[in-house]
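Shown next: input17.cif, containing mmCIF, C-alpha atoms and all ligand atoms.
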```
data_structure
loop_
_atom_site.label_atom_id
_atom_site.label_comp_id
_atom_site.auth_asym_id
_atom_site.auth_seq_id
_atom_site.Cartn_x
_atom_site.Cartn_y
_atom_site.Cartn_z
CA MET H 29 -38.56 19.29 -18.41
CA GLN H 30 -41.18 21.13 -20.48
CA PRO H 31 -40.23 24.76 -21.07
CA LYS H 32 -42.74 27.56 -20.95
CA ILE H 33 -43.15 29.09 -24.40
CA TYR H 34 -44.01 32.77 -24.82
CA THR H 35 -45.50 33.89 -28.13
CA VAL H 36 -45.00 37.25 -29.80
CA ASP H 37 -48.31 38.54 -28.37
CA GLU H 38 -46.82 38.05 -24.93
CA HIS H 39 -43.15 38.99 -25.31
CA ARG H 40 -43.60 41.64 -28.04
CA ILE H 41 -40.02 41.45 -29.34
CA LEU H 42 -39.99 43.23 -32.71
CA PRO H 43 -38.22 41.01 -35.28
CA GLU H 44 -36.52 44.08 -36.81
CA LYS H 45 -34.67 44.62 -33.52
CA ILE H 46 -32.77 41.40 -34.11
CA ASP H 47 -29.42 41.72 -35.74
CA SER H 48 -29.66 40.59 -39.36
CA HIS H 49 -26.35 38.70 -39.18
CA ALA H 50 -27.41 36.79 -36.07
CA PHE H 51 -30.63 35.94 -37.88
CA TYR H 52 -28.68 34.75 -40.93
CA VAL H 53 -26.40 32.57 -38.78
CA ILE H 54 -29.37 30.94 -37.04
CA GLU H 55 -31.19 30.31 -40.31
CA LYS H 56 -28.13 28.78 -41.96
CA LEU H 57 -27.54 26.45 -38.99
CA ARG H 58 -31.20 25.41 -39.09
CA GLU H 59 -31.16 24.79 -42.82
CA ALA H 60 -28.19 22.48 -42.23
CA GLY H 61 -30.35 20.44 -39.83
CA HIS H 62 -29.12 21.81 -36.49
CA SER H 63 -31.14 23.60 -33.87
CA ALA H 64 -30.07 27.15 -33.11
CA TYR H 65 -31.35 30.01 -30.98
CA LEU H 66 -30.54 33.48 -29.91
CA VAL H 67 -29.55 33.31 -26.27
CA GLY H 68 -28.25 35.12 -23.20
CA GLY H 69 -27.86 38.86 -22.87
CA GLY H 70 -29.30 39.60 -26.32
CA VAL H 71 -32.69 38.05 -25.47
CA ARG H 72 -32.66 39.59 -21.98
CA ASP H 73 -31.99 43.08 -23.36
CA LEU H 74 -34.62 42.77 -26.09
CA LEU H 75 -37.20 41.83 -23.46
CA LEU H 76 -36.11 44.78 -21.33
CA GLY H 77 -36.52 47.07 -24.34
CA GLU H 78 -32.78 47.86 -24.35
CA LYS H 79 -30.36 47.72 -27.22
CA PRO H 80 -28.36 44.47 -26.91
CA LYS H 81 -24.57 44.88 -26.78
CA ASP H 82 -24.03 41.66 -28.67
CA PHE H 83 -26.01 38.74 -30.04
CA ASP H 84 -25.00 35.25 -28.98
CA VAL H 85 -26.16 32.10 -30.69
CA SER H 86 -26.41 28.65 -29.14
CA THR H 87 -26.62 25.59 -31.35
CA SER H 88 -26.52 21.81 -31.50
CA ALA H 89 -23.75 22.04 -34.15
CA SER H 90 -20.23 21.26 -32.92
CA PRO H 91 -17.51 23.91 -33.31
CA GLU H 92 -16.08 22.01 -36.27
CA GLU H 93 -19.52 21.78 -37.92
CA ILE H 94 -19.97 25.53 -37.40
CA LYS H 95 -16.58 26.18 -38.94
CA SER H 96 -17.34 24.06 -41.98
CA LEU H 97 -20.64 25.90 -42.55
CA PHE H 98 -19.26 29.44 -42.30
CA ARG H 99 -16.18 30.52 -44.20
CA ASN H 100 -15.85 33.57 -41.96
CA ALA H 101 -15.78 31.53 -38.71
CA ILE H 102 -12.79 31.02 -36.46
CA LEU H 103 -12.68 28.77 -33.41
CA ILE H 104 -11.38 30.32 -30.20
CA GLY H 105 -10.98 29.53 -26.47
CA ARG H 106 -9.62 26.52 -24.64
CA ARG H 107 -11.63 26.70 -21.43
CA PHE H 108 -14.74 27.50 -23.45
CA ARG H 109 -14.40 26.60 -27.11
CA LEU H 110 -16.66 28.53 -29.45
CA ALA H 111 -16.88 30.03 -32.91
CA HIS H 112 -16.58 33.68 -33.81
CA ILE H 113 -18.31 34.51 -37.06
CA ARG H 114 -17.12 37.82 -38.37
CA PHE H 115 -19.14 40.26 -40.46
CA GLY H 116 -16.92 43.31 -40.92
CA GLN H 117 -16.40 44.80 -37.46
CA LYS H 118 -19.18 42.71 -35.97
CA ILE H 119 -18.72 39.29 -34.42
CA ILE H 120 -21.52 36.82 -33.76
CA GLU H 121 -20.50 34.33 -31.05
CA VAL H 122 -21.78 30.85 -31.71
CA ALA H 123 -21.47 28.28 -28.92
CA THR H 124 -22.39 24.61 -28.97
CA PHE H 125 -24.97 23.44 -26.38
CA ARG H 126 -23.05 22.35 -23.30
CA SER H 127 -24.00 19.93 -20.61
CA GLY H 128 -21.56 20.52 -17.73
CA ASP H 129 -22.06 19.09 -14.22
CA THR H 130 -24.08 21.78 -12.48
CA GLU H 131 -24.04 19.88 -9.15
CA ALA H 132 -20.28 19.35 -8.74
CA PRO H 133 -18.70 21.51 -6.04
CA ASP H 134 -15.50 22.13 -8.05
CA LEU H 135 -14.02 24.97 -9.97
CA ILE H 136 -14.78 24.58 -13.69
CA VAL H 137 -11.51 24.58 -15.60
CA ARG H 138 -12.89 23.35 -18.92
CA ASP H 139 -16.42 23.66 -20.17
CA ASN H 140 -16.43 21.76 -23.43
CA VAL H 141 -18.81 18.84 -22.94
CA TRP H 142 -21.59 19.07 -25.52
CA GLY H 143 -25.18 18.55 -24.42
CA SER H 144 -28.84 19.18 -25.15
CA GLU H 145 -30.69 22.45 -25.39
CA GLU H 146 -32.06 22.08 -21.87
CA GLU H 147 -28.68 21.15 -20.38
CA ASP H 148 -27.23 24.21 -22.03
CA VAL H 149 -29.68 26.47 -20.24
CA LEU H 150 -29.08 24.80 -16.89
CA ARG H 151 -25.36 25.54 -16.90
CA ARG H 152 -25.89 29.25 -17.58
CA ASP H 153 -25.47 31.77 -14.78
CA PHE H 154 -28.71 33.65 -13.99
CA THR H 155 -32.32 32.91 -14.85
CA ILE H 156 -32.64 36.19 -16.78
CA ASN H 157 -29.72 35.04 -18.97
CA GLY H 158 -31.20 31.59 -19.61
CA LEU H 159 -33.85 32.42 -22.20
CA PHE H 160 -33.78 31.17 -25.79
CA TYR H 161 -35.36 33.03 -28.67
CA ASN H 162 -36.45 31.24 -31.82
CA PRO H 163 -36.55 33.87 -34.58
CA ARG H 164 -38.37 31.68 -37.08
CA GLU H 165 -41.30 31.04 -34.74
CA GLN H 166 -40.81 34.28 -32.81
CA THR H 167 -41.04 32.46 -29.49
CA VAL H 168 -39.18 32.86 -26.20
CA ILE H 169 -38.38 29.50 -24.60
CA ASP H 170 -38.02 29.47 -20.83
CA TYR H 171 -36.73 26.44 -18.88
CA VAL H 172 -35.70 28.36 -15.77
CA GLN H 173 -38.42 30.88 -14.91
CA GLY H 174 -36.27 33.62 -16.35
CA TYR H 175 -39.22 35.40 -17.95
CA PRO H 176 -41.13 36.08 -14.67
CA ASP H 177 -37.82 37.00 -12.99
CA LEU H 178 -37.19 39.59 -15.68
CA GLU H 179 -40.68 40.99 -15.20
CA GLN H 180 -40.17 41.16 -11.44
CA ARG H 181 -36.60 42.43 -11.85
CA ILE H 182 -35.01 39.66 -9.80
CA LEU H 183 -31.48 38.29 -10.09
CA ARG H 184 -31.40 34.59 -9.24
CA THR H 185 -28.81 31.96 -10.09
CA ILE H 186 -29.87 28.96 -12.11
CA GLY H 187 -29.38 26.07 -9.66
CA GLN H 188 -27.94 26.24 -6.18
CA PRO H 189 -26.25 29.62 -5.73
CA ASP H 190 -23.37 28.53 -3.43
CA LEU H 191 -22.41 25.76 -5.81
CA ARG H 192 -22.71 27.95 -8.87
CA PHE H 193 -20.40 30.59 -7.37
CA ILE H 194 -17.84 28.01 -6.26
CA GLN H 195 -17.83 26.43 -9.73
CA ASP H 196 -17.14 29.78 -11.34
CA PRO H 197 -16.53 32.75 -9.02
CA VAL H 198 -16.62 35.18 -11.97
CA ARG H 199 -20.40 34.74 -11.72
CA MET H 200 -20.29 36.87 -8.54
CA ILE H 201 -18.75 39.72 -10.51
CA ARG H 202 -21.42 39.20 -13.17
CA LEU H 203 -24.14 39.31 -10.50
CA ILE H 204 -22.84 42.69 -9.33
CA LYS H 205 -22.58 43.84 -12.91
CA PHE H 206 -26.27 43.13 -13.58
CA CYS H 207 -27.22 44.63 -10.24
CA ALA H 208 -25.35 47.85 -11.13
CA ARG H 209 -26.61 47.93 -14.71
CA PHE H 210 -30.29 47.17 -14.16
CA GLN H 211 -30.80 47.94 -10.43
CA PHE H 212 -32.54 44.57 -10.01
CA GLU H 213 -33.08 42.99 -6.60
CA ILE H 214 -30.93 40.00 -5.71
CA ASP H 215 -32.99 36.99 -4.66
CA PRO H 216 -32.25 36.28 -0.93
CA PRO H 217 -30.55 32.82 -1.37
CA THR H 218 -28.38 34.22 -4.19
CA HIS H 219 -27.56 37.22 -1.99
CA GLU H 220 -26.59 34.99 0.92
CA ALA H 221 -24.38 32.87 -1.33
CA LEU H 222 -22.62 36.01 -2.56
CA LEU H 223 -21.80 36.93 1.04
CA ASN H 224 -20.66 33.37 1.83
CA CYS H 225 -18.55 32.85 -1.26
CA LYS H 226 -16.95 36.25 -1.82
CA GLU H 227 -13.49 35.06 -0.80
CA GLU H 228 -13.61 32.45 -3.56
CA ILE H 229 -13.19 35.22 -6.08
CA VAL H 230 -9.38 34.96 -6.00
CA LYS H 231 -9.61 31.40 -7.31
CA SER H 232 -10.88 32.55 -10.66
CA SER H 233 -8.94 33.56 -13.71
CA PRO H 234 -7.40 37.05 -13.33
CA VAL H 235 -7.65 37.58 -17.09
CA ARG H 236 -11.41 36.96 -17.09
CA ILE H 237 -11.97 39.21 -14.08
CA LEU H 238 -9.82 41.99 -15.49
CA GLU H 239 -11.85 41.83 -18.69
CA GLU H 240 -15.13 42.10 -16.74
CA LEU H 241 -13.75 45.08 -14.73
CA LEU H 242 -12.57 46.86 -17.86
CA ARG H 243 -15.85 46.22 -19.63
CA MET H 244 -17.72 47.66 -16.67
CA LEU H 245 -15.49 50.75 -16.66
CA GLU H 246 -16.58 51.27 -20.27
CA SER H 247 -20.25 50.46 -19.67
CA GLY H 248 -21.80 53.66 -18.34
CA SER H 249 -22.48 51.95 -14.97
CA ALA H 250 -18.93 51.99 -13.61
CA ARG H 251 -19.74 53.97 -10.49
CA PRO H 252 -22.55 51.74 -9.14
CA PHE H 253 -20.51 48.68 -10.13
CA PHE H 254 -17.36 49.68 -8.22
CA HIS H 255 -19.48 50.91 -5.35
CA LEU H 256 -21.18 47.52 -5.02
CA LEU H 257 -17.93 45.65 -5.58
CA HIS H 258 -16.52 47.56 -2.63
CA GLU H 259 -19.64 47.20 -0.46
CA TYR H 260 -19.72 43.43 -0.95
CA GLY H 261 -16.03 43.14 -0.06
CA LEU H 262 -14.93 41.77 -3.43
CA LEU H 263 -12.80 44.80 -4.17
CA ARG H 264 -10.85 44.10 -0.98
CA SER H 265 -9.83 40.71 -2.36
CA LEU H 266 -9.08 41.94 -5.87
CA LEU H 267 -7.65 45.44 -5.42
CA PRO H 268 -6.93 45.82 -1.68
CA ALA H 269 -5.03 49.12 -1.95
CA LEU H 270 -7.88 50.74 -3.86
CA SER H 271 -10.40 49.35 -1.41
CA SER H 272 -8.48 50.89 1.55
CA HIS H 273 -8.23 54.19 -0.28
CA ILE H 274 -12.02 54.27 -0.82
CA GLU H 275 -12.53 53.71 2.91
CA GLN H 276 -10.26 56.60 3.85
CA ASP H 277 -11.40 59.09 1.24
CA SER H 278 -14.45 60.83 2.60
CA SER H 279 -14.88 62.99 -0.50
CA GLN H 280 -15.03 59.90 -2.75
CA VAL H 281 -13.17 61.56 -5.62
CA MET H 282 -12.67 58.24 -7.42
CA MET H 283 -16.42 57.56 -7.44
CA GLN H 284 -17.05 61.09 -8.71
CA LEU H 285 -14.59 60.57 -11.58
CA LEU H 286 -16.34 57.32 -12.48
CA GLN H 287 -19.71 59.07 -12.40
CA GLU H 288 -18.41 61.70 -14.79
CA ILE H 289 -17.13 59.00 -17.14
CA ASP H 290 -20.48 57.15 -16.88
CA GLU H 291 -22.38 60.28 -17.83
CA GLY H 292 -20.22 60.71 -20.92
CA VAL H 293 -20.90 57.13 -22.01
CA LYS H 294 -24.62 57.49 -21.39
CA GLN H 295 -24.74 60.59 -23.57
CA ASP H 296 -23.61 58.28 -26.34
CA ARG H 297 -20.04 59.37 -26.24
CA LYS H 298 -17.49 56.64 -26.66
CA ALA H 299 -15.85 55.49 -23.42
CA PRO H 300 -12.28 56.76 -22.96
CA ASP H 301 -9.41 54.41 -23.63
CA ARG H 302 -8.87 51.65 -21.08
CA SER H 303 -5.63 53.30 -19.89
CA VAL H 304 -7.62 56.45 -19.03
CA LEU H 305 -10.20 54.39 -17.16
CA LEU H 306 -7.56 52.61 -15.08
CA ALA H 307 -5.80 55.90 -14.41
CA ALA H 308 -9.12 57.40 -13.25
CA LEU H 309 -9.43 54.57 -10.73
CA LEU H 310 -5.96 55.21 -9.34
CA PHE H 311 -5.48 58.97 -9.69
CA PRO H 312 -7.09 60.03 -6.38
CA MET H 313 -5.02 57.42 -4.51
CA MET H 314 -1.84 58.57 -6.24
CA HIS H 315 -2.61 62.22 -5.52
CA ALA H 316 -3.27 61.58 -1.83
CA HIS H 317 -0.05 59.60 -1.65
CA LEU H 318 2.02 62.37 -3.29
CA LEU H 319 0.60 65.04 -0.98
CA GLN H 320 1.39 62.89 2.06
CA GLN H 321 4.92 62.36 0.85
CA ILE H 322 5.46 66.10 0.30
CA GLU H 323 4.18 66.82 3.78
CA LYS H 324 6.52 64.26 5.26
CA THR H 325 9.70 65.08 3.35
CA GLY H 326 9.11 68.73 2.49
CA GLN H 327 10.33 67.93 -1.02
CA ILE H 328 8.36 68.14 -4.22
CA PRO H 329 9.08 65.28 -6.59
CA HIS H 330 9.91 66.17 -10.17
CA LEU H 331 8.11 64.71 -13.19
CA GLY H 332 10.57 61.86 -13.63
CA GLN H 333 10.09 60.77 -10.02
CA ILE H 334 6.32 61.06 -10.37
CA ALA H 335 6.40 58.90 -13.48
CA GLU H 336 8.38 56.27 -11.59
CA GLN H 337 5.92 56.39 -8.71
CA ALA H 338 2.98 56.07 -11.09
CA GLY H 339 4.44 52.84 -12.48
CA LYS H 340 5.05 51.49 -8.97
CA LEU H 341 1.57 52.46 -7.82
CA ILE H 342 -0.01 50.53 -10.68
CA ASP H 343 2.14 47.51 -9.92
CA PHE H 344 1.37 47.67 -6.24
CA SER H 345 -2.37 48.18 -6.77
CA PHE H 346 -2.89 45.39 -9.28
CA SER H 347 -0.55 42.77 -7.87
CA PRO H 348 -0.55 40.11 -6.61
CA PHE H 349 -3.77 39.08 -8.29
CA PHE H 350 -3.71 40.81 -11.67
CA LYS H 351 -1.01 41.13 -14.24
CA LEU H 352 -1.79 44.01 -16.55
CA PRO H 353 -0.77 43.81 -20.21
CA ARG H 354 2.47 45.79 -20.54
CA LYS H 355 1.16 48.25 -23.07
CA LEU H 356 -1.89 49.06 -20.96
CA GLN H 357 0.26 49.49 -17.86
CA GLY H 358 2.66 51.81 -19.70
CA ALA H 359 -0.14 53.95 -21.09
CA ALA H 360 -1.96 54.19 -17.73
CA SER H 361 1.27 55.17 -16.02
CA PHE H 362 1.90 57.91 -18.60
CA VAL H 363 -1.69 59.20 -18.19
CA LEU H 364 -1.28 59.35 -14.40
CA ALA H 365 2.09 61.10 -14.42
CA SER H 366 1.02 63.60 -17.09
CA GLN H 367 -1.59 65.05 -14.77
CA TYR H 368 1.35 66.73 -13.01
CA ARG H 369 2.66 68.09 -16.27
CA PHE H 370 -0.65 69.88 -16.85
CA VAL H 371 -0.70 71.33 -13.32
CA PRO H 372 2.69 70.88 -11.63
CA LEU H 373 2.86 70.14 -7.90
CA ASP H 374 5.17 73.08 -7.24
CA GLY H 375 2.50 75.45 -8.56
CA ARG H 376 4.90 76.93 -11.12
CA LEU H 377 3.10 76.75 -14.41
CA ARG H 378 5.24 76.07 -17.45
CA LYS H 379 4.26 77.12 -20.91
CA PRO H 380 2.44 74.20 -22.52
CA LYS H 381 4.55 72.58 -25.18
CA THR H 382 3.86 69.83 -27.62
CA VAL H 383 4.50 66.41 -26.22
CA GLY H 384 5.47 63.83 -28.79
CA ASP H 385 3.90 60.93 -26.99
CA PRO H 386 1.11 58.89 -28.57
CA PHE H 387 -0.65 58.69 -25.22
CA PHE H 388 -0.74 62.45 -24.75
CA SER H 389 -4.38 62.60 -25.92
CA TYR H 390 -5.31 59.98 -23.36
CA ALA H 391 -3.67 62.01 -20.60
CA LEU H 392 -5.71 65.03 -21.68
CA ASP H 393 -8.86 62.88 -21.64
CA LEU H 394 -8.40 62.18 -17.94
CA PHE H 395 -7.55 65.81 -17.30
CA LYS H 396 -10.83 66.79 -18.95
CA VAL H 397 -12.77 64.43 -16.72
CA ARG H 398 -11.04 66.00 -13.71
CA CYS H 399 -12.06 69.46 -14.94
CA ALA H 400 -15.72 68.56 -14.44
CA LEU H 401 -14.97 68.02 -10.75
CA GLU H 402 -12.56 70.94 -10.42
CA PRO H 403 -13.69 73.70 -12.79
CA ASP H 404 -10.59 75.75 -11.82
CA LEU H 405 -8.57 73.36 -13.97
CA LEU H 406 -10.48 74.20 -17.13
CA PRO H 407 -8.25 77.12 -18.32
CA TYR H 408 -5.20 74.80 -18.09
CA TYR H 409 -7.04 72.15 -20.06
CA GLU H 410 -7.92 74.62 -22.78
CA LYS H 411 -4.31 75.76 -23.11
CA TRP H 412 -3.02 72.22 -23.47
CA ASP H 413 -5.84 71.19 -25.74
CA GLU H 414 -4.93 73.97 -28.20
CA LEU H 415 -1.53 72.45 -28.88
CA PRO H 416 -0.95 70.71 -32.15
CA ARG H 417 -0.42 67.01 -31.65
CA SER H 418 2.74 65.80 -33.30
CA PHE H 419 3.05 62.08 -33.12
CA SER H 420 5.04 59.45 -34.82
CA TYR H 421 3.40 56.41 -36.42
CA GLU H 422 3.01 54.98 -32.92
CA GLY H 423 0.06 57.34 -32.61
CA GLU H 424 -1.87 54.76 -34.56
CA GLU H 425 -1.68 52.40 -31.60
CA ALA H 426 -3.16 55.15 -29.51
CA GLY H 427 -6.12 55.40 -31.85
CA LEU H 428 -4.73 58.33 -33.83
CA ALA H 429 -4.69 58.48 -37.57
CA ARG H 430 -1.52 57.29 -39.24
CA PRO H 431 0.13 60.14 -41.14
CA LYS H 432 -0.21 59.65 -44.87
CA ARG H 433 2.93 58.35 -46.49
CA ARG H 434 3.88 59.49 -49.93
CA ARG H 435 4.30 56.69 -52.43
CA ARG H 436 7.26 56.98 -54.72
CA ARG H 437 6.39 56.81 -58.34
CA ARG H 438 7.96 53.92 -60.12
CA ARG H 439 10.00 54.87 -63.06
CA SER H 440 8.86 53.25 -66.19
P1 LIG N 501 -23.51 41.60 -21.78
O1 LIG N 501 -24.74 42.39 -22.08
O2 LIG N 501 -22.57 42.33 -20.89
O3 LIG N 501 -22.85 41.01 -22.99
P2 LIG N 501 -24.22 38.87 -21.25
O4 LIG N 501 -25.09 38.24 -20.21
O5 LIG N 501 -24.68 38.74 -22.65
O6 LIG N 501 -24.05 40.40 -20.85
P3 LIG N 501 -21.86 37.51 -22.12
O7 LIG N 501 -20.50 37.54 -21.52
O8 LIG N 501 -22.06 38.05 -23.48
O9 LIG N 501 -22.76 38.32 -21.07
O10 LIG N 501 -22.41 36.02 -22.01
C1 LIG N 501 -23.49 35.54 -22.81
C2 LIG N 501 -24.29 34.51 -22.03
O11 LIG N 501 -23.46 33.39 -21.67
C3 LIG N 501 -24.86 34.99 -20.70
O12 LIG N 501 -26.06 35.71 -20.87
C4 LIG N 501 -25.03 33.69 -19.94
O13 LIG N 501 -26.19 32.99 -20.38
C5 LIG N 501 -23.82 32.90 -20.38
N1 LIG N 501 -22.68 33.11 -19.46
C6 LIG N 501 -21.72 34.05 -19.54
N2 LIG N 501 -20.83 33.93 -18.55
C7 LIG N 501 -21.20 32.85 -17.84
C8 LIG N 501 -20.67 32.16 -16.70
N3 LIG N 501 -19.58 32.60 -16.10
N4 LIG N 501 -21.34 31.07 -16.25
C9 LIG N 501 -22.45 30.63 -16.87
N5 LIG N 501 -23.00 31.21 -17.93
C10 LIG N 501 -22.40 32.30 -18.42
MG MG N 502 -23.57 39.32 -24.33
#
```

Rewritten as structure tokens:
Amino acid sequence: MQPKIYTVDEHRILPEKIDSHAFYVIEKLREAGHSAYLVGGGVRDLLLGEKPKDFDVSTSASPEEIKSLFRNAILIGRRFRLAHIRFGQKIIEVATFRSGDTEAPDLIVRDNVWGSEEEDVLRRDFTINGLFYNPREQTVIDYVQGYPDLEQRILRTIGQPDLRFIQDPVRMIRLIKFCARFQFEIDPPTHEALLNCKEEIVKSSPVRILEELLRMLESGSARPFFHLLHEYGLLRSLLPALSSHIEQDSSQVMMQLLQEIDEGVKQDRKAPDRSVLLAALLFPMMHAHLLQQIEKTGQIPHLGQIAEQAGKLIDFSFSPFFKLPRKLQGAASFVLASQYRFVPLDGRLRKPKTVGDPFFSYALDLFKVRCALEPDLLPYYEKWDELPRSFSYEGEEAGLARPKRRRRRRRS
């Protein structure tokens, strides 16, 4: 198939917008006789005039050839083997062209069959993600009509949508992600396939889905994403307790918390820690549950009991499909329970005192988000925020600076 080539006069991507390390990687691969392009989300975002989150490279070189060319490359992934080339904090992902059977109606468990440039495009998910960019020639190469779809703001699978969702149900989550992020229209056949295949979602890898959910919580478009995930019924399969809570909660507190977090991210603030994001998802459900329990039993649980319930609620909400990493689960549980330390359920306010827990700052982060929805909480937040934070070295795990250790002088 002949691709359509767009020149710089048409696509107007400014070369200086391209990451210099990605450019270096592509040039080095080309000098070694391989073909290599910028691909995927990076090209899409450049064409949309947005700042790409990452730059991915696709090449004819095999993972081993990539590794031998770059000293700073490591090979990762079993299902999808690729090279990570590290430049300080930054990683350029370099994947070998894949072929993959795009017609087979089976779940893809491995995707490591090398192929041609065109085959590589055809096994990608959406047309807007299937564009190559050649930095040397400054051309955009389009095998899948991705360029006009981007212009018309249409989300369309490459190939037959039902098949593509069955082969890899995570693509449905990705469809919703792009819908939430860019507010593009979904092409009718792709839309129909999403409705037909939504139950397939539980066949995909929980680790991959959890990563997509967490990334979306950090993205600045968490509210529209979770809203759509719920509307399309995928949340019911993945997080049924949360989905039921959203249906019952007319005031939509969870969505309001997400909106507040989104606004922070959009104003160029860093997203809160993942434990805070998960706790924000579950806090309104936990609060409703605690109030119900108090009404039923007439007894107010103490902090220890609340902490235990927070742990159980996380377990209950994320199982049976997901298994959260232990550290994340522990931190989220602490963040949830601490909300009742800041404002106790019995209404009796204690004097704030320093809490020696490394996750204390995270708990305050969620409390601050809640303050935007309930301004009456702000004076409590300020009191707690004034406290000095005294943490042990574990604080480092929580993103806090490690206290400086004195070195003993060696005696000469
Ligand atoms: P983001 O801006 O969030 O990084 P992205 O589209 O770049 O979005 P990546 O996860 O970085 O997402 O993937 C890079 C590219 O790999 C995609 O643009 C797409 O071409 C391809 N891709 C990713 N996931 C899949 C999948 N599940 N099936 C097919 N192709 C995929
Ligand atoms: Mg990307």

Within 8 Å of ligand MG 502 (chain N) (all atoms listed in the file), residues as a PDB file with C-alpha atoms, keeping the file's coordinate frame:
```pdb
ATOM      1  CA  GLY H  68     -28.250  35.120 -23.200  1.00  0.00           C
ATOM      2  CA  GLY H  69     -27.860  38.860 -22.870  1.00  0.00           C
ATOM      3  CA  GLY H  70     -29.300  39.600 -26.320  1.00  0.00           C
ATOM      4  CA  PRO H  80     -28.360  44.470 -26.910  1.00  0.00           C
ATOM      5  CA  LYS H  81     -24.570  44.880 -26.780  1.00  0.00           C
ATOM      6  CA  ASP H  82     -24.030  41.660 -28.670  1.00  0.00           C
ATOM      7  CA  PHE H  83     -26.010  38.740 -30.040  1.00  0.00           C
ATOM      8  CA  ASP H  84     -25.000  35.250 -28.980  1.00  0.00           C
TER       9      ASP H  84
END
```

Mind dumping a table of every stretch 75-123 of chain H residue within 9 Å of stretch 144-151 of chain H, with the nearest atom pair and its distance in Å to one decimal, using all atoms listed in the file, sorted by chain and rising number, as CSV?
```
residue,atom,partner,partner_atom,distance
H:Ser86,CA,H:Glu145,CA,8.4
H:Thr87,CA,H:Glu145,CA,7.9
H:Ser88,CA,H:Ser144,CA,7.3
```

Check: Expressed in Å to a single decimal, how great is the separation between atom CA of H:Ala360 and atom CA of H:Ser249?
Finding: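 Taking atom CA of H:Ala360 as the start and atom CA of H:Ser249 as the end point, the length is 20.8 Å.
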
Notebook entry, point to check: So which residues touch H:Leu97 within 12 Å, counting all atoms listed in the file, skipping near sequence neighbours fewer than 3 positions away, as an NGL selection string?
Noted result: :H and (53-62 or 89-94 or 100-102 or 111 or 113 or 122)

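For H:Ser366, the list of residues within 9 Å, based on only C-alpha atoms and with local chain neighbours fewer than 5 positions off taken out, reads Leu331, Ile334, Ala335, Ser361, Val371, Phe388, Ala391, Leu392 and Phe395 of chain H.
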
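Atom pair atom CA of H:Phe344 / atom CA of H:Asp290: separated by 26.1 Å.
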
Let me have the centre and edge lengths of the axis-aligned box enclosing all listed atoms of ligand LIG 501 (chain N) with 4 Å padding on every side, in Å to one decimal, as AutoDock Vina command-line options.
```
--center_x -22.9 --center_y 36.5 --center_z -19.8 --size_x 14.6 --size_y 19.8 --size_z 15.4
```

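Nearest residue to H:Glu246, choosing from H:Ala221, H:Met200, H:Ala299, H:Ile156 and counting all atoms listed in the file: H:Ala299.
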
Check: Taking into account all atoms listed in the file, which residue in the set H:Leu257, H:Met283, H:Val71, H:Leu270 is nearest to ligand LIG 501 (chain N)?
Finding: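 The shortest atom-to-atom distance to ligand LIG 501 (chain N) comes from H:Val71.
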
Next item on the list: For each of H:Ala338, H:Leu74, H:Leu352, H:Leu241, take the minimum atom-to-atom distance to H:Ala365, counting all atoms listed in the file, then give the residue where this is smallest.
Entry: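 Selected residue with least distance to H:Ala365: H:Ala338.
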
Checklist line | Test item: residues at most 12 Å from H:Leu406, only C-alpha atoms, excluding those fewer than 4 positions along its chain, as a PyMOL selection string | finding: chain H and resi 370-371+392+395-402+410-413

Next item on the list: Counting only C-alpha atoms, figure out which residue out of H:Asp73, H:Glu44, H:Asp393, H:Glu323 gets nearest to H:Tyr175.
Entry: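 Checking each of H:Asp73, H:Glu44, H:Asp393, H:Glu323 against H:Tyr175, counting only C-alpha atoms, the winner is H:Asp73.
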
Item checked: Option closest in space to ligand LIG 501 (chain N), from H:Asn140, H:Gln30, H:Ser247, H:Gln357 [counting only C-alpha atoms and all ligand atoms] -> H:Ser247

Note to self: Neighbouring residues of stretch 302-304 of chain H were defined as those with any atom within 6 Å, considering all atoms listed in the file; residues of the same chain fewer than 3 positions away were excluded. Please report them as a ChimeraX atom specification.
What the structure shows: /H:307,356,359-360,394

Next item on the list: Using atom CA of H:Pro312 and atom CA of H:Ser271 as the two end points, give the distance in Å to one decimal.
Entry: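 Going from atom CA of H:Pro312 over to atom CA of H:Ser271 covers 12.2 Å.
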
Notebook entry, point to check: Smallest atom-to-atom distance to ligand LIG 501 (chain N): which of H:Gly292, H:Pro329, H:Gly158, H:Gly77, using only C-alpha atoms and all ligand atoms?
Noted result: H:Gly158

Next item on the list: Please identify all polymer residues within 9 Å of H:Pro380, counting all atoms listed in the file, omitting same-chain residues fewer than 2 positions from it, and present them as a list in words.
Entry: Arg369, Phe370, Leu377, Arg378, Thr382, Val383, Tyr408, Lys411, Trp412 and Leu415 of chain H
